[in-house]
file work-v4.txt (compact mmCIF, C-alpha atoms)
# COMPACT_ATOMS: atom_id res chain seq x y z
CA MET D 6 21.92 21.75 -12.49
CA GLU D 7 19.10 21.55 -14.99
CA ASN D 8 19.02 17.82 -14.46
CA LEU D 9 18.64 18.25 -10.71
CA LEU D 10 15.78 20.71 -11.20
CA TRP D 11 14.06 18.30 -13.55
CA ILE D 12 14.37 15.46 -11.04
CA PHE D 13 12.81 17.66 -8.36
CA VAL D 14 9.86 18.89 -10.41
CA SER D 15 9.18 15.46 -11.83
CA ALA D 16 9.10 13.88 -8.35
CA VAL D 17 6.76 16.57 -7.01
CA LEU D 18 4.30 16.91 -9.86
CA VAL D 19 4.67 14.65 -12.86
CA ASN D 20 5.45 11.41 -11.05
CA ASN D 21 3.91 12.27 -7.73
CA PHE D 22 4.57 9.34 -5.40
CA VAL D 23 1.06 9.11 -4.05
CA LEU D 24 -1.10 9.99 -7.01
CA THR D 25 0.88 8.38 -9.82
CA TYR D 26 2.87 5.57 -8.22
CA PHE D 27 0.33 4.71 -5.49
CA LEU D 28 2.98 4.72 -2.80
CA GLY D 29 2.21 5.63 0.79
CA LEU D 30 -1.53 5.24 0.49
CA CYS D 31 -2.06 4.01 4.05
CA PRO D 32 -1.14 7.32 5.72
CA PHE D 33 -2.66 9.14 2.72
CA LEU D 34 -6.08 7.67 3.49
CA GLY D 35 -5.60 7.23 7.23
CA VAL D 36 -4.17 10.49 8.57
CA SER D 37 -5.60 12.99 6.13
CA ASN D 38 -8.53 14.06 8.31
CA SER D 39 -6.92 17.27 9.56
CA LEU D 40 -4.68 19.73 7.76
CA GLU D 41 -2.32 20.29 10.69
CA THR D 42 -1.59 16.62 11.37
CA SER D 43 -1.17 15.74 7.74
CA PHE D 44 1.27 18.60 7.17
CA ARG D 45 3.42 17.52 10.11
CA LEU D 46 3.30 13.88 9.08
CA GLY D 47 4.40 15.01 5.62
CA LEU D 48 7.38 16.81 7.15
CA ALA D 49 8.35 13.79 9.25
CA THR D 50 8.09 11.55 6.18
CA THR D 51 10.21 13.97 4.13
CA PHE D 52 12.90 13.89 6.80
CA VAL D 53 12.91 10.08 6.92
CA MET D 54 13.14 10.07 3.11
CA LEU D 55 16.18 12.36 3.14
CA VAL D 56 18.01 10.25 5.72
CA THR D 57 17.06 7.07 3.85
CA ALA D 58 18.36 8.46 0.57
CA ILE D 59 21.73 9.29 2.13
CA CYS D 60 21.96 5.87 3.83
CA ALA D 61 20.87 4.08 0.68
CA TRP D 62 23.59 5.82 -1.32
CA ILE D 63 26.25 4.87 1.25
CA LEU D 64 25.03 1.27 1.38
CA ASN D 65 24.85 1.00 -2.40
CA THR D 66 28.29 2.44 -3.00
CA TYR D 67 30.30 0.70 -0.33
CA ILE D 68 28.53 -2.43 0.88
CA LEU D 69 25.89 -3.76 -1.45
CA ILE D 70 28.13 -4.11 -4.50
CA HIS D 71 29.48 -7.18 -2.75
CA ALA D 72 26.10 -8.62 -1.78
CA PRO D 73 23.20 -7.33 -3.87
CA TYR D 74 20.74 -9.87 -2.47
CA LEU D 75 20.96 -8.21 0.96
CA ARG D 76 19.65 -4.92 -0.44
CA LEU D 77 16.08 -5.19 0.76
CA ILE D 78 16.99 -6.28 4.28
CA CYS D 79 19.59 -3.52 4.67
CA PHE D 80 17.21 -0.82 3.46
CA ILE D 81 14.39 -1.86 5.72
CA VAL D 82 16.65 -1.99 8.77
CA VAL D 83 17.95 1.52 8.03
CA ILE D 84 14.41 2.84 7.61
CA ALA D 85 13.18 1.17 10.79
CA SER D 86 15.98 2.68 12.85
CA THR D 87 15.45 6.16 11.38
CA VAL D 88 11.76 5.99 12.19
CA GLN D 89 12.52 4.87 15.74
CA PHE D 90 14.82 7.88 16.09
CA ILE D 91 12.20 10.33 14.79
CA GLU D 92 9.61 8.82 17.08
CA MET D 93 11.78 9.48 20.14
CA LEU D 94 12.52 12.99 18.88
CA ILE D 95 8.86 13.92 18.39
CA LYS D 96 7.85 12.35 21.69
CA LYS D 97 10.37 14.59 23.42
CA LEU D 98 9.71 17.79 21.47
CA SER D 99 5.93 17.74 21.02
CA PRO D 100 3.90 15.17 22.98
CA ALA D 101 0.63 16.56 21.57
CA LEU D 102 1.75 15.88 18.01
CA PHE D 103 2.94 12.46 19.12
CA ARG D 104 -0.54 11.61 20.34
CA ALA D 105 -2.23 13.05 17.25
CA MET D 106 -0.20 10.86 14.92
CA GLY D 107 -0.80 7.77 17.01
CA ILE D 108 -0.16 4.51 15.24
CA PHE D 109 0.77 6.18 11.97
CA LEU D 110 4.14 7.35 13.25
CA PRO D 111 5.64 3.86 13.76
CA LEU D 112 3.83 2.87 10.57
CA ILE D 113 6.12 5.19 8.58
CA THR D 114 8.38 2.11 8.65
CA THR D 115 5.92 0.28 6.46
CA ASN D 116 5.19 3.34 4.36
CA CYS D 117 6.02 2.01 0.95
CA ALA D 118 6.86 5.51 -0.29
CA ILE D 119 10.09 5.43 1.68
CA LEU D 120 11.23 1.97 0.69
CA GLY D 121 10.01 2.75 -2.83
CA LEU D 122 12.17 5.86 -2.90
CA ALA D 123 15.28 3.88 -1.96
CA ILE D 124 14.52 1.22 -4.57
CA PHE D 125 13.67 3.65 -7.38
CA ALA D 126 16.78 5.73 -6.70
CA THR D 127 18.88 2.56 -6.86
CA ASN D 128 17.22 1.29 -10.03
CA ARG D 129 17.79 4.60 -11.80
CA GLY D 130 21.41 4.74 -10.65
CA TYR D 131 21.15 8.15 -9.04
CA GLY D 132 24.31 9.65 -7.53
CA PHE D 133 24.58 11.37 -4.18
CA TRP D 134 23.10 14.79 -5.04
CA GLU D 135 20.55 13.39 -7.42
CA GLY D 136 19.38 11.02 -4.69
CA ILE D 137 18.98 13.82 -2.17
CA ILE D 138 17.07 16.04 -4.59
CA TYR D 139 14.88 13.10 -5.58
CA ALA D 140 14.11 12.39 -1.90
CA LEU D 141 13.29 16.03 -1.30
CA GLY D 142 10.98 16.12 -4.31
CA ALA D 143 9.26 12.91 -3.29
CA GLY D 144 8.76 14.21 0.24
CA VAL D 145 7.35 17.52 -0.97
CA GLY D 146 5.07 15.67 -3.39
CA PHE D 147 3.85 13.38 -0.63
CA THR D 148 3.16 16.33 1.67
CA LEU D 149 1.40 18.16 -1.14
CA ALA D 150 -0.93 15.25 -1.89
CA LEU D 151 -1.64 14.67 1.81
CA VAL D 152 -2.42 18.34 2.45
CA LEU D 153 -4.62 18.60 -0.65
CA LEU D 154 -6.70 15.60 0.38
CA ALA D 155 -6.90 16.79 3.99
CA GLY D 156 -8.14 20.19 2.84
CA LEU D 157 -10.80 18.64 0.64
CA ARG D 158 -11.91 16.31 3.43
CA GLU D 159 -12.18 19.18 5.91
CA GLU D 160 -14.36 21.03 3.42
CA SER D 161 -16.50 17.98 2.77
CA GLU D 162 -17.35 17.71 6.46
CA LEU D 163 -19.25 20.99 6.16
CA SER D 164 -21.50 19.76 3.39
CA SER D 165 -24.20 17.13 3.64
CA ILE D 166 -23.06 13.98 1.94
CA PRO D 167 -25.19 10.83 1.71
CA LYS D 168 -24.29 8.43 4.50
CA LEU D 169 -23.68 5.67 2.02
CA ILE D 170 -20.78 7.39 0.28
CA GLN D 171 -18.97 8.71 3.36
CA GLY D 172 -15.65 7.25 4.44
CA THR D 173 -13.03 5.50 2.40
CA ALA D 174 -15.14 5.24 -0.74
CA MET D 175 -15.46 9.00 -0.98
CA ASN D 176 -11.77 9.55 -0.18
CA LEU D 177 -10.78 7.19 -2.97
CA ILE D 178 -13.00 8.94 -5.47
CA ILE D 179 -11.61 12.34 -4.40
CA ALA D 180 -8.11 10.90 -4.76
CA GLY D 181 -9.02 9.65 -8.23
CA ILE D 182 -10.09 13.12 -9.30
CA LEU D 183 -6.91 14.64 -7.79
CA SER D 184 -4.89 12.06 -9.63
CA MET D 185 -6.62 13.02 -12.87
CA ALA D 186 -5.72 16.64 -12.21
CA PHE D 187 -2.08 15.67 -11.66
CA MET D 188 -2.06 13.82 -14.97
CA GLY D 189 -2.28 17.22 -16.57
CA PHE D 190 1.31 17.83 -15.47
CA ALA D 191 2.46 14.91 -17.61
CA GLY D 192 2.62 17.30 -20.56
CA LEU D 193 4.95 19.63 -18.67
CA PHE D 194 8.10 18.12 -20.12
CA SER D 195 8.29 17.09 -23.72
CA THR D 196 11.60 15.21 -23.38
CA THR D 197 11.21 11.72 -21.94
CA MET I 20 -14.16 -29.26 15.91
CA LYS I 21 -10.52 -28.72 15.04
CA LYS I 22 -11.28 -28.65 11.37
CA ASN I 23 -14.04 -26.16 11.97
CA GLU I 24 -11.71 -23.80 13.77
CA SER I 25 -9.19 -23.68 10.93
CA TYR I 26 -11.99 -23.30 8.42
CA GLU I 27 -13.34 -20.39 10.43
CA GLU I 28 -9.95 -18.62 10.31
CA PHE I 29 -9.74 -19.25 6.59
CA ILE I 30 -13.16 -17.98 5.64
CA LYS I 31 -12.78 -14.92 7.88
CA GLY I 32 -9.95 -13.63 5.70
CA VAL I 33 -11.69 -14.34 2.44
CA TRP I 34 -14.98 -12.69 3.16
CA ARG I 35 -15.96 -11.14 6.48
CA ASP I 36 -12.63 -9.45 7.28
CA ASN I 37 -11.42 -9.19 3.70
CA PRO I 38 -8.14 -7.26 4.00
CA VAL I 39 -8.95 -4.85 1.21
CA PHE I 40 -12.70 -4.37 1.21
CA ALA I 41 -13.31 -4.55 4.96
CA GLN I 42 -10.04 -3.38 6.53
CA VAL I 43 -8.61 -1.18 3.76
CA LEU I 44 -5.09 -2.58 4.16
CA GLY I 45 -2.44 -3.18 1.55
CA MET I 46 -3.75 -0.49 -0.76
CA CYS I 47 -0.46 0.39 -2.42
CA PRO I 48 0.20 -2.83 -4.35
CA MET I 49 -3.55 -3.16 -4.69
CA LEU I 50 -3.85 -0.10 -6.89
CA ALA I 51 -0.44 -0.05 -8.50
CA VAL I 52 -0.32 -3.46 -10.16
CA THR I 53 -3.95 -4.06 -11.05
CA ASN I 54 -3.82 -2.56 -14.52
CA SER I 55 -4.07 -6.05 -15.96
CA ALA I 56 -5.44 -9.31 -14.62
CA ILE I 57 -2.22 -11.26 -15.14
CA ASN I 58 -0.18 -8.77 -13.07
CA ALA I 59 -2.81 -8.98 -10.35
CA VAL I 60 -2.47 -12.77 -10.24
CA ALA I 61 1.34 -12.62 -10.06
CA MET I 62 1.20 -10.07 -7.27
CA GLY I 63 -1.42 -12.08 -5.40
CA MET I 64 0.63 -15.27 -5.62
CA ALA I 65 3.80 -13.52 -4.45
CA THR I 66 1.92 -12.04 -1.50
CA LEU I 67 0.42 -15.45 -0.70
CA PHE I 68 3.88 -17.01 -0.58
CA VAL I 69 5.35 -14.26 1.60
CA LEU I 70 2.40 -14.10 3.97
CA VAL I 71 2.14 -17.86 4.52
CA GLY I 72 5.90 -18.30 4.86
CA SER I 73 6.38 -15.47 7.34
CA SER I 74 3.27 -16.37 9.34
CA PHE I 75 4.58 -19.91 9.68
CA LEU I 76 8.02 -18.77 10.85
CA VAL I 77 6.74 -16.03 13.15
CA SER I 78 4.27 -18.30 14.89
CA SER I 79 6.83 -21.11 15.25
CA PHE I 80 9.26 -18.70 16.90
CA ARG I 81 6.65 -16.73 18.81
CA ASN I 82 7.93 -17.84 22.23
CA TRP I 83 11.54 -16.95 21.44
CA ILE I 84 11.13 -13.48 19.95
CA PRO I 85 11.56 -10.80 22.65
CA LYS I 86 8.61 -8.41 22.84
CA GLN I 87 10.70 -5.22 22.52
CA VAL I 88 12.28 -6.05 19.18
CA ARG I 89 9.43 -8.05 17.68
CA ILE I 90 8.64 -5.58 14.89
CA SER I 91 12.24 -5.62 13.64
CA CYS I 92 12.27 -9.42 13.78
CA PHE I 93 9.03 -9.64 11.79
CA ILE I 94 10.34 -7.19 9.21
CA ILE I 95 13.55 -9.15 8.72
CA ILE I 96 11.63 -12.44 8.33
CA ILE I 97 9.28 -10.80 5.82
CA ALA I 98 12.16 -9.20 3.91
CA THR I 99 13.85 -12.59 3.59
CA PHE I 100 10.76 -14.17 2.06
CA VAL I 101 10.25 -11.21 -0.26
CA THR I 102 13.83 -11.53 -1.50
CA ILE I 103 13.18 -15.22 -2.24
CA ALA I 104 9.96 -14.34 -4.09
CA ASP I 105 11.72 -11.58 -6.03
CA TYR I 106 14.51 -13.82 -7.30
CA THR I 107 12.11 -16.71 -8.02
CA LEU I 108 9.87 -14.52 -10.17
CA LEU I 109 12.90 -13.11 -11.96
CA ALA I 110 14.00 -16.64 -12.83
CA LEU I 111 10.59 -18.07 -13.80
CA VAL I 112 8.64 -15.23 -15.42
CA PRO I 113 11.06 -12.40 -16.29
CA LYS I 114 8.42 -10.56 -18.32
CA VAL I 115 5.95 -10.26 -15.46
CA HIS I 116 8.79 -9.41 -13.09
CA LYS I 117 9.80 -6.54 -15.33
CA GLU I 118 6.27 -5.20 -15.45
CA LEU I 119 5.76 -5.38 -11.71
CA GLY I 120 9.12 -3.67 -11.33
CA ALA I 121 9.74 -2.15 -7.93
CA PHE I 122 6.47 -3.43 -6.55
CA ILE I 123 7.78 -6.90 -5.76
CA PRO I 124 10.37 -5.63 -3.24
CA LEU I 125 7.68 -3.30 -1.96
CA ILE I 126 5.69 -6.28 -0.66
CA VAL I 127 7.88 -5.81 2.44
CA ALA I 128 6.09 -2.58 3.13
CA ASN I 129 2.61 -4.05 2.66
CA CYS I 130 0.87 -3.22 5.92
CA LEU I 131 -1.37 -6.26 5.50
CA ILE I 132 1.54 -8.65 6.07
CA LEU I 133 3.06 -6.91 9.08
CA GLY I 134 -0.42 -6.41 10.49
CA ARG I 135 -1.18 -10.14 10.35
CA GLN I 136 2.11 -11.01 12.06
CA GLU I 137 1.46 -8.53 14.85
CA ALA I 138 -2.23 -9.25 15.33
CA PHE I 139 -2.40 -12.98 14.72
CA ALA I 140 0.69 -15.05 13.95
CA SER I 141 2.64 -13.91 17.01
CA ARG I 142 -0.16 -15.00 19.35
CA TYR I 143 -1.63 -18.21 17.97
CA PRO I 144 -0.34 -21.73 17.27
CA THR I 145 1.21 -22.48 13.91
CA ARG I 146 -1.73 -24.34 12.36
CA LEU I 147 -4.20 -21.52 12.97
CA ALA I 148 -1.65 -18.90 11.92
CA VAL I 149 -1.07 -20.63 8.59
CA MET I 150 -4.82 -20.97 7.97
CA ASP I 151 -5.30 -17.31 8.80
CA ALA I 152 -2.47 -16.34 6.45
CA ILE I 153 -3.91 -18.43 3.61
CA GLY I 154 -7.35 -16.92 4.17
CA MET I 155 -6.08 -13.37 4.19
CA ALA I 156 -3.89 -13.93 1.16
CA VAL I 157 -6.74 -15.51 -0.81
CA GLY I 158 -8.96 -12.60 0.18
CA PHE I 159 -6.26 -10.23 -1.06
CA LEU I 160 -5.92 -12.20 -4.30
CA VAL I 161 -9.68 -12.06 -4.88
CA ALA I 162 -9.66 -8.31 -4.34
CA LEU I 163 -6.67 -7.80 -6.65
CA LEU I 164 -8.26 -9.96 -9.30
CA SER I 165 -11.63 -8.25 -9.21
CA LEU I 166 -9.98 -4.86 -9.59
CA GLY I 167 -7.60 -6.11 -12.27
CA ILE I 168 -10.39 -7.70 -14.32
CA VAL I 169 -12.56 -4.58 -14.24
CA ARG I 170 -9.67 -2.31 -15.17
CA GLU I 171 -8.36 -4.51 -17.94
CA ILE I 172 -11.77 -5.03 -19.55
CA LEU I 173 -12.66 -1.34 -19.46
CA GLY I 174 -9.23 0.06 -20.18
CA ASP I 175 -7.94 -2.40 -22.73
CA GLY I 176 -10.98 -4.34 -23.89
CA ALA I 177 -9.21 -7.57 -23.04
CA LEU I 178 -8.98 -10.19 -20.31
CA PHE I 179 -5.69 -11.99 -19.54
CA GLY I 180 -4.42 -10.51 -22.81
CA VAL I 181 -7.26 -11.96 -24.94
CA LYS I 182 -9.29 -9.36 -26.84
CA LEU I 183 -12.96 -9.51 -25.90
CA PHE I 184 -14.57 -7.00 -28.20
CA SER I 185 -14.52 -6.19 -31.90
CA GLU I 186 -12.50 -3.39 -33.48
CA ASN I 187 -15.23 -0.88 -32.72
CA PHE I 188 -14.56 -0.94 -28.99
CA GLU I 189 -12.95 2.29 -27.93
CA PRO I 190 -10.72 1.47 -24.92
CA TRP I 191 -11.34 3.64 -21.90
CA VAL I 192 -7.65 4.38 -21.40
CA ILE I 193 -8.02 6.25 -18.14
CA MET I 194 -8.98 3.00 -16.43
CA ILE I 195 -5.48 1.56 -16.80
CA LEU I 196 -3.89 4.86 -15.81
CA PRO I 197 -3.54 5.76 -12.12
CA PRO I 198 -6.87 7.65 -11.69
CA GLY I 199 -8.76 4.59 -12.90
CA GLY I 200 -7.36 2.59 -9.99
CA PHE I 201 -8.62 5.04 -7.42
CA LEU I 202 -12.01 5.37 -9.09
CA THR I 203 -12.58 1.63 -9.58
CA LEU I 204 -11.69 0.81 -5.98
CA GLY I 205 -13.85 3.71 -4.79
CA VAL I 206 -16.84 2.36 -6.69
CA ILE I 207 -16.26 -1.20 -5.46
CA LEU I 208 -16.08 0.02 -1.86
CA LEU I 209 -19.24 1.99 -2.49
CA PHE I 210 -20.93 -1.21 -3.58
CA PHE I 211 -19.77 -2.98 -0.42
CA ASN I 212 -21.08 -0.10 1.70
CA TRP I 213 -24.41 -0.36 -0.05
CA PHE I 214 -24.49 -4.10 0.57
CA LYS I 215 -23.80 -3.60 4.28
CA PHE I 216 -26.33 -0.80 4.46
CA LYS I 217 -29.04 -2.98 2.91
CA LYS I 218 -28.15 -5.88 5.22
CA ASP I 219 -28.40 -3.71 8.33
CA GLU I 220 -31.72 -2.35 7.12
CA PHE I 221 -32.98 -5.86 6.47
CA LEU I 222 -31.90 -7.09 9.91
CA GLU I 223 -33.65 -4.12 11.51
CA ASP I 224 -36.83 -4.87 9.60
CA VAL I 225 -36.72 -8.49 10.69
CA ALA I 226 -36.18 -7.49 14.32
CA GLU I 227 -39.09 -5.06 14.13
CA ALA I 228 -41.41 -7.63 12.53
CA GLU I 229 -40.54 -10.09 15.30
CA ARG I 230 -41.29 -7.51 17.96
CA SER I 231 -44.67 -6.61 16.52
CA GLY I 232 -45.51 -10.27 15.87
CA SER I 233 -44.89 -11.39 19.47
call {"tool": "encode", "arguments": {"input": "work-v4.txt", "output": "C-alpha cells"}}
result
Amino acid sequence: MENLLWIFVSAVLVNNFVLTYFLGLCPFLGVSNSLETSFRLGLATTFVMLVTAICAWILNTYILIHAPYLRLICFIVVIASTVQFIEMLIKKLSPALFRAMGIFLPLITTNCAILGLAIFATNRGYGFWEGIIYALGAGVGFTLALVLLAGLREESELSSIPKLIQGTAMNLIIAGILSMAFMGFAGLFSTT
Amino acid sequence: MKKNESYEEFIKGVWRDNPVFAQVLGMCPMLAVTNSAINAVAMGMATLFVLVGSSFLVSSFRNWIPKQVRISCFIIIIATFVTIADYTLLALVPKVHKELGAFIPLIVANCLILGRQEAFASRYPTRLAVMDAIGMAVGFLVALLSLGIVREILGDGALFGVKLFSENFEPWVIMILPPGGFLTLGVILLFFNWFKFKKDEFLEDVAEAERSGS
C-alpha cells in the first residue's frame, strides 16, 4: 500500500513527466493557451495512459516474453487504436471540444509521455496495480503541468510583454522556472 | 537543375525551416538527452538513421499505401527502424545506450519524424524525400549539438568529456538538470527571434530607402 502511494506521489510531483522527464512537450507547448482545453486534454491523455498501462501489462505478461523485439511495435499499435477510439468518443459526445483540440487529439498518438509510460513501467518491472497507479500518477502530473502553464499564459496575456520575447521562447522560460519549482519536491522522499 | 532542387530541399531543413528553431518540433528528445554533447550526437545520429530510412521506404511505397490507414503504416515503418537503431546502439556503444535509456525507443514518438512522412515523403519522389530527410535530420543534429554543448560547458565545465577549465571553475549544476534544458532552449529561441526581428527591420529600412530614393 505504502509502495503504491509512493509510486503515485513520485509520478505526480518528484518525477513529473513533463517537467522532469521532458515527455509530452508538444501538447504542453501547443495546447496550453486556454485553461479549459488544457484540462480536458489532460483528462483525455490520462485515460489513454490508463488503457495503455493495462494493455502493456497484458502484452508484457502473455505475449512479449516470447518476442521482446516486437515490444515497440505492439505498444505503438495499441496506443494508436486507443487514441482513435477516444477521438470517435469525443467527436460524438462534445463536438465543440473536438474542434478546440484540433490536430492535438490525433497527435496524442505521438505524445511521447504515453509511449514513455509504457516503456518506463516495463523497464521497472511494475505489476498490474503498480502499473495502473503509475499511469494515474503520470496522467495527473501531466494535467497538473499543463494547467499550471495554461494559467500562467492566460495571466501573461493581460500584461504587456515585449514583442520579442512573446511566443515559444517565453513559454520555455516559464516552463524552466516551473521545472525549478518542481525540483524542490525532490527532497520529499529521503529513501531512493 | 536537378542537383539544385535536391540541394534546395537539403538546405531548407538545415537552416530556413530548421525543425527545432523554426518549427518547434521534436522537443522531447531535444531537451531530455542534451545534458552532454556526446549524448546529443548519439541521439542525432539515431534520428538521422530512422528519418532517412523511413522517408525512403514511405516514399517508395507512397502509391501503395491506402490513404485511410497511412498514419498507422508510417508508425509501423518508423517503429521498425527505431527497433533496429535501438539494438544496433546496444551492440556498438552499450554505455551511451544505457545513458539515453528509454529515449531511444521514444524516437518513435518524435513528432518531427511522423510530420516529415505526412508532409513530405508521402507526396514526393524518393530522391527528394531522402534529401529532405537528410536536411531535416542534420538540422535536428545541429540543434541538439548546440544545446548539448552549451549545457555541458556551463553545467559540467567540459566538452565531450574533456575538462575545459581549471579547478576553480564552479560548475553551474542546474544547467544539466531539467530546468537548464528549458532555460537554454528558451534563450536560444529568443536569440533567433531577435535575429528575425532585426532582419525584418533591416528589410523594411531598405524598402523605405528605395521608395524615397526613386
call {"tool": "interface_residues", "arguments": {"input": "work-v4.txt", "of": "chain I", "to": "chain D", "cutoff": "8 Å", "atoms": "all atoms listed in the file", "output": "PDB file with C-alpha atoms, in the frame of the given file"}}
result
ATOM      1  CA  LEU I  44      -5.090  -2.580   4.160  1.00  0.00           C
ATOM      2  CA  GLY I  45      -2.440  -3.180   1.550  1.00  0.00           C
ATOM      3  CA  MET I  46      -3.750  -0.490  -0.760  1.00  0.00           C
ATOM      4  CA  CYS I  47      -0.460   0.390  -2.420  1.00  0.00           C
ATOM      5  CA  PRO I  48       0.200  -2.830  -4.350  1.00  0.00           C
ATOM      6  CA  LEU I  50      -3.850  -0.100  -6.890  1.00  0.00           C
ATOM      7  CA  ALA I  51      -0.440  -0.050  -8.500  1.00  0.00           C
ATOM      8  CA  SER I  91      12.240  -5.620  13.640  1.00  0.00           C
ATOM      9  CA  ILE I  94      10.340  -7.190   9.210  1.00  0.00           C
ATOM     10  CA  ILE I  95      13.550  -9.150   8.720  1.00  0.00           C
ATOM     11  CA  ALA I  98      12.160  -9.200   3.910  1.00  0.00           C
ATOM     12  CA  THR I  99      13.850 -12.590   3.590  1.00  0.00           C
ATOM     13  CA  THR I 102      13.830 -11.530  -1.500  1.00  0.00           C
ATOM     14  CA  ALA I 121       9.740  -2.150  -7.930  1.00  0.00           C
ATOM     15  CA  PRO I 124      10.370  -5.630  -3.240  1.00  0.00           C
ATOM     16  CA  LEU I 125       7.680  -3.300  -1.960  1.00  0.00           C
ATOM     17  CA  VAL I 127       7.880  -5.810   2.440  1.00  0.00           C
ATOM     18  CA  ALA I 128       6.090  -2.580   3.130  1.00  0.00           C
ATOM     19  CA  ASN I 129       2.610  -4.050   2.660  1.00  0.00           C
ATOM     20  CA  CYS I 130       0.870  -3.220   5.920  1.00  0.00           C
ATOM     21  CA  PRO I 197      -3.540   5.760 -12.120  1.00  0.00           C
ATOM     22  CA  PRO I 198      -6.870   7.650 -11.690  1.00  0.00           C
ATOM     23  CA  GLY I 199      -8.760   4.590 -12.900  1.00  0.00           C
ATOM     24  CA  GLY I 200      -7.360   2.590  -9.990  1.00  0.00           C
ATOM     25  CA  PHE I 201      -8.620   5.040  -7.420  1.00  0.00           C
ATOM     26  CA  LEU I 202     -12.010   5.370  -9.090  1.00  0.00           C
ATOM     27  CA  LEU I 204     -11.690   0.810  -5.980  1.00  0.00           C
ATOM     28  CA  GLY I 205     -13.850   3.710  -4.790  1.00  0.00           C
ATOM     29  CA  VAL I 206     -16.840   2.360  -6.690  1.00  0.00           C
ATOM     30  CA  LEU I 208     -16.080   0.020  -1.860  1.00  0.00           C
ATOM     31  CA  LEU I 209     -19.240   1.990  -2.490  1.00  0.00           C
ATOM     32  CA  ASN I 212     -21.080  -0.100   1.700  1.00  0.00           C
ATOM     33  CA  TRP I 213     -24.410  -0.360  -0.050  1.00  0.00           C
ATOM     34  CA  PHE I 216     -26.330  -0.800   4.460  1.00  0.00           C
TER      35      PHE I 216
END
call {"tool": "atom_distance", "arguments": {"input": "work-v4.txt", "atom1": "atom CA of I:Glu24", "atom2": "atom CA of I:Ala138"}}
result
17.4 Å
call {"tool": "residues_around", "arguments": {"input": "work-v4.txt", "residues": "D:Val36", "least_positions_apart": "2", "cutoff": "9 Å", "atoms": "only C-alpha atoms", "output": "number ranges by chain"}}
result
D: 31-34, 38-39, 42-43, 46, 106, 109, 151, 155
call {"tool": "residues_near_point", "arguments": {"input": "work-v4.txt", "point": "(3.1, 16.2, -3.5)", "cutoff": "8 Å", "atoms": "all atoms listed in the file", "output": "JSON, numbers by chain"}}
result
{"D": [17, 18, 21, 22, 23, 142, 143, 144, 145, 146, 147, 148, 149, 150, 151]}
call {"tool": "residues_near_point", "arguments": {"input": "work-v4.txt", "point": "(-5.9, -14.3, -13.7)", "cutoff": "9 Å", "atoms": "all atoms listed in the file", "output": "VMD selection string"}}
result
chain I and resid 55 to 61 164 167 to 168 178 to 179
call {"tool": "atom_distance", "arguments": {"input": "work-v4.txt", "atom1": "atom CA of I:Phe188", "atom2": "atom CA of I:Arg170"}}
result
14.7 Å
call {"tool": "closest_residue", "arguments": {"input": "work-v4.txt", "among": "D:Ala16, D:Ile84, D:Leu40, D:Leu9", "to": "D:Glu160", "atoms": "all atoms listed in the file"}}
result
D:Leu40
call {"tool": "residues_around", "arguments": {"input": "work-v4.txt", "residues": "I:Phe75", "least_positions_apart": "2", "cutoff": "9 Å", "atoms": "only C-alpha atoms", "output": "list in words"}}
result
Leu70, Val71, Gly72, Ser73, Val77, Ser78, Ser79, Phe80, Ala140, Thr145, Arg146, Ala148, Val149 and Ala152 of chain I
call {"tool": "closest_residue", "arguments": {"input": "work-v4.txt", "among": "D:Ala123, D:His71, D:Cys60, D:Leu48", "to": "D:Ile95", "atoms": "all atoms listed in the file"}}
result
D:Leu48
call {"tool": "closest_residue", "arguments": {"input": "work-v4.txt", "among": "D:Leu94, D:Leu64, D:Ile137, D:Val152", "to": "D:Phe13", "atoms": "all atoms listed in the file"}}
result
D:Ile137
call {"tool": "build_atoms", "arguments": {"input": "work-v4.txt", "residues": "stretch 136-146 of chain D", "atoms": "N, CA and C atoms", "output": "PDB file, in the frame of the given file"}}
result
ATOM      1  N   GLY D 136      20.183  11.758  -5.661  1.00  0.00           N
ATOM      2  CA  GLY D 136      19.380  11.020  -4.690  1.00  0.00           C
ATOM      3  C   GLY D 136      18.741  11.936  -3.679  1.00  0.00           C
ATOM      4  N   ILE D 137      19.523  12.916  -3.189  1.00  0.00           N
ATOM      5  CA  ILE D 137      18.980  13.820  -2.170  1.00  0.00           C
ATOM      6  C   ILE D 137      17.864  14.675  -2.747  1.00  0.00           C
ATOM      7  N   ILE D 138      18.092  15.200  -3.977  1.00  0.00           N
ATOM      8  CA  ILE D 138      17.070  16.040  -4.590  1.00  0.00           C
ATOM      9  C   ILE D 138      15.811  15.215  -4.862  1.00  0.00           C
ATOM     10  N   TYR D 139      16.009  13.977  -5.301  1.00  0.00           N
ATOM     11  CA  TYR D 139      14.880  13.100  -5.580  1.00  0.00           C
ATOM     12  C   TYR D 139      14.081  12.865  -4.299  1.00  0.00           C
ATOM     13  N   ALA D 140      14.790  12.617  -3.173  1.00  0.00           N
ATOM     14  CA  ALA D 140      14.110  12.390  -1.900  1.00  0.00           C
ATOM     15  C   ALA D 140      13.329  13.617  -1.485  1.00  0.00           C
ATOM     16  N   LEU D 141      13.963  14.793  -1.666  1.00  0.00           N
ATOM     17  CA  LEU D 141      13.290  16.030  -1.300  1.00  0.00           C
ATOM     18  C   LEU D 141      12.023  16.210  -2.126  1.00  0.00           C
ATOM     19  N   GLY D 142      12.137  15.975  -3.433  1.00  0.00           N
ATOM     20  CA  GLY D 142      10.980  16.120  -4.310  1.00  0.00           C
ATOM     21  C   GLY D 142       9.878  15.153  -3.924  1.00  0.00           C
ATOM     22  N   ALA D 143      10.261  13.903  -3.653  1.00  0.00           N
ATOM     23  CA  ALA D 143       9.260  12.910  -3.290  1.00  0.00           C
ATOM     24  C   ALA D 143       8.568  13.298  -2.002  1.00  0.00           C
ATOM     25  N   GLY D 144       9.348  13.801  -1.029  1.00  0.00           N
ATOM     26  CA  GLY D 144       8.760  14.210   0.240  1.00  0.00           C
ATOM     27  C   GLY D 144       7.801  15.371   0.058  1.00  0.00           C
ATOM     28  N   VAL D 145       8.227  16.371  -0.740  1.00  0.00           N
ATOM     29  CA  VAL D 145       7.350  17.520  -0.970  1.00  0.00           C
ATOM     30  C   VAL D 145       6.082  17.065  -1.692  1.00  0.00           C
ATOM     31  N   GLY D 146       6.235  16.174  -2.663  1.00  0.00           N
ATOM     32  CA  GLY D 146       5.070  15.670  -3.390  1.00  0.00           C
ATOM     33  C   GLY D 146       4.120  14.935  -2.472  1.00  0.00           C
TER      34      GLY D 146
END
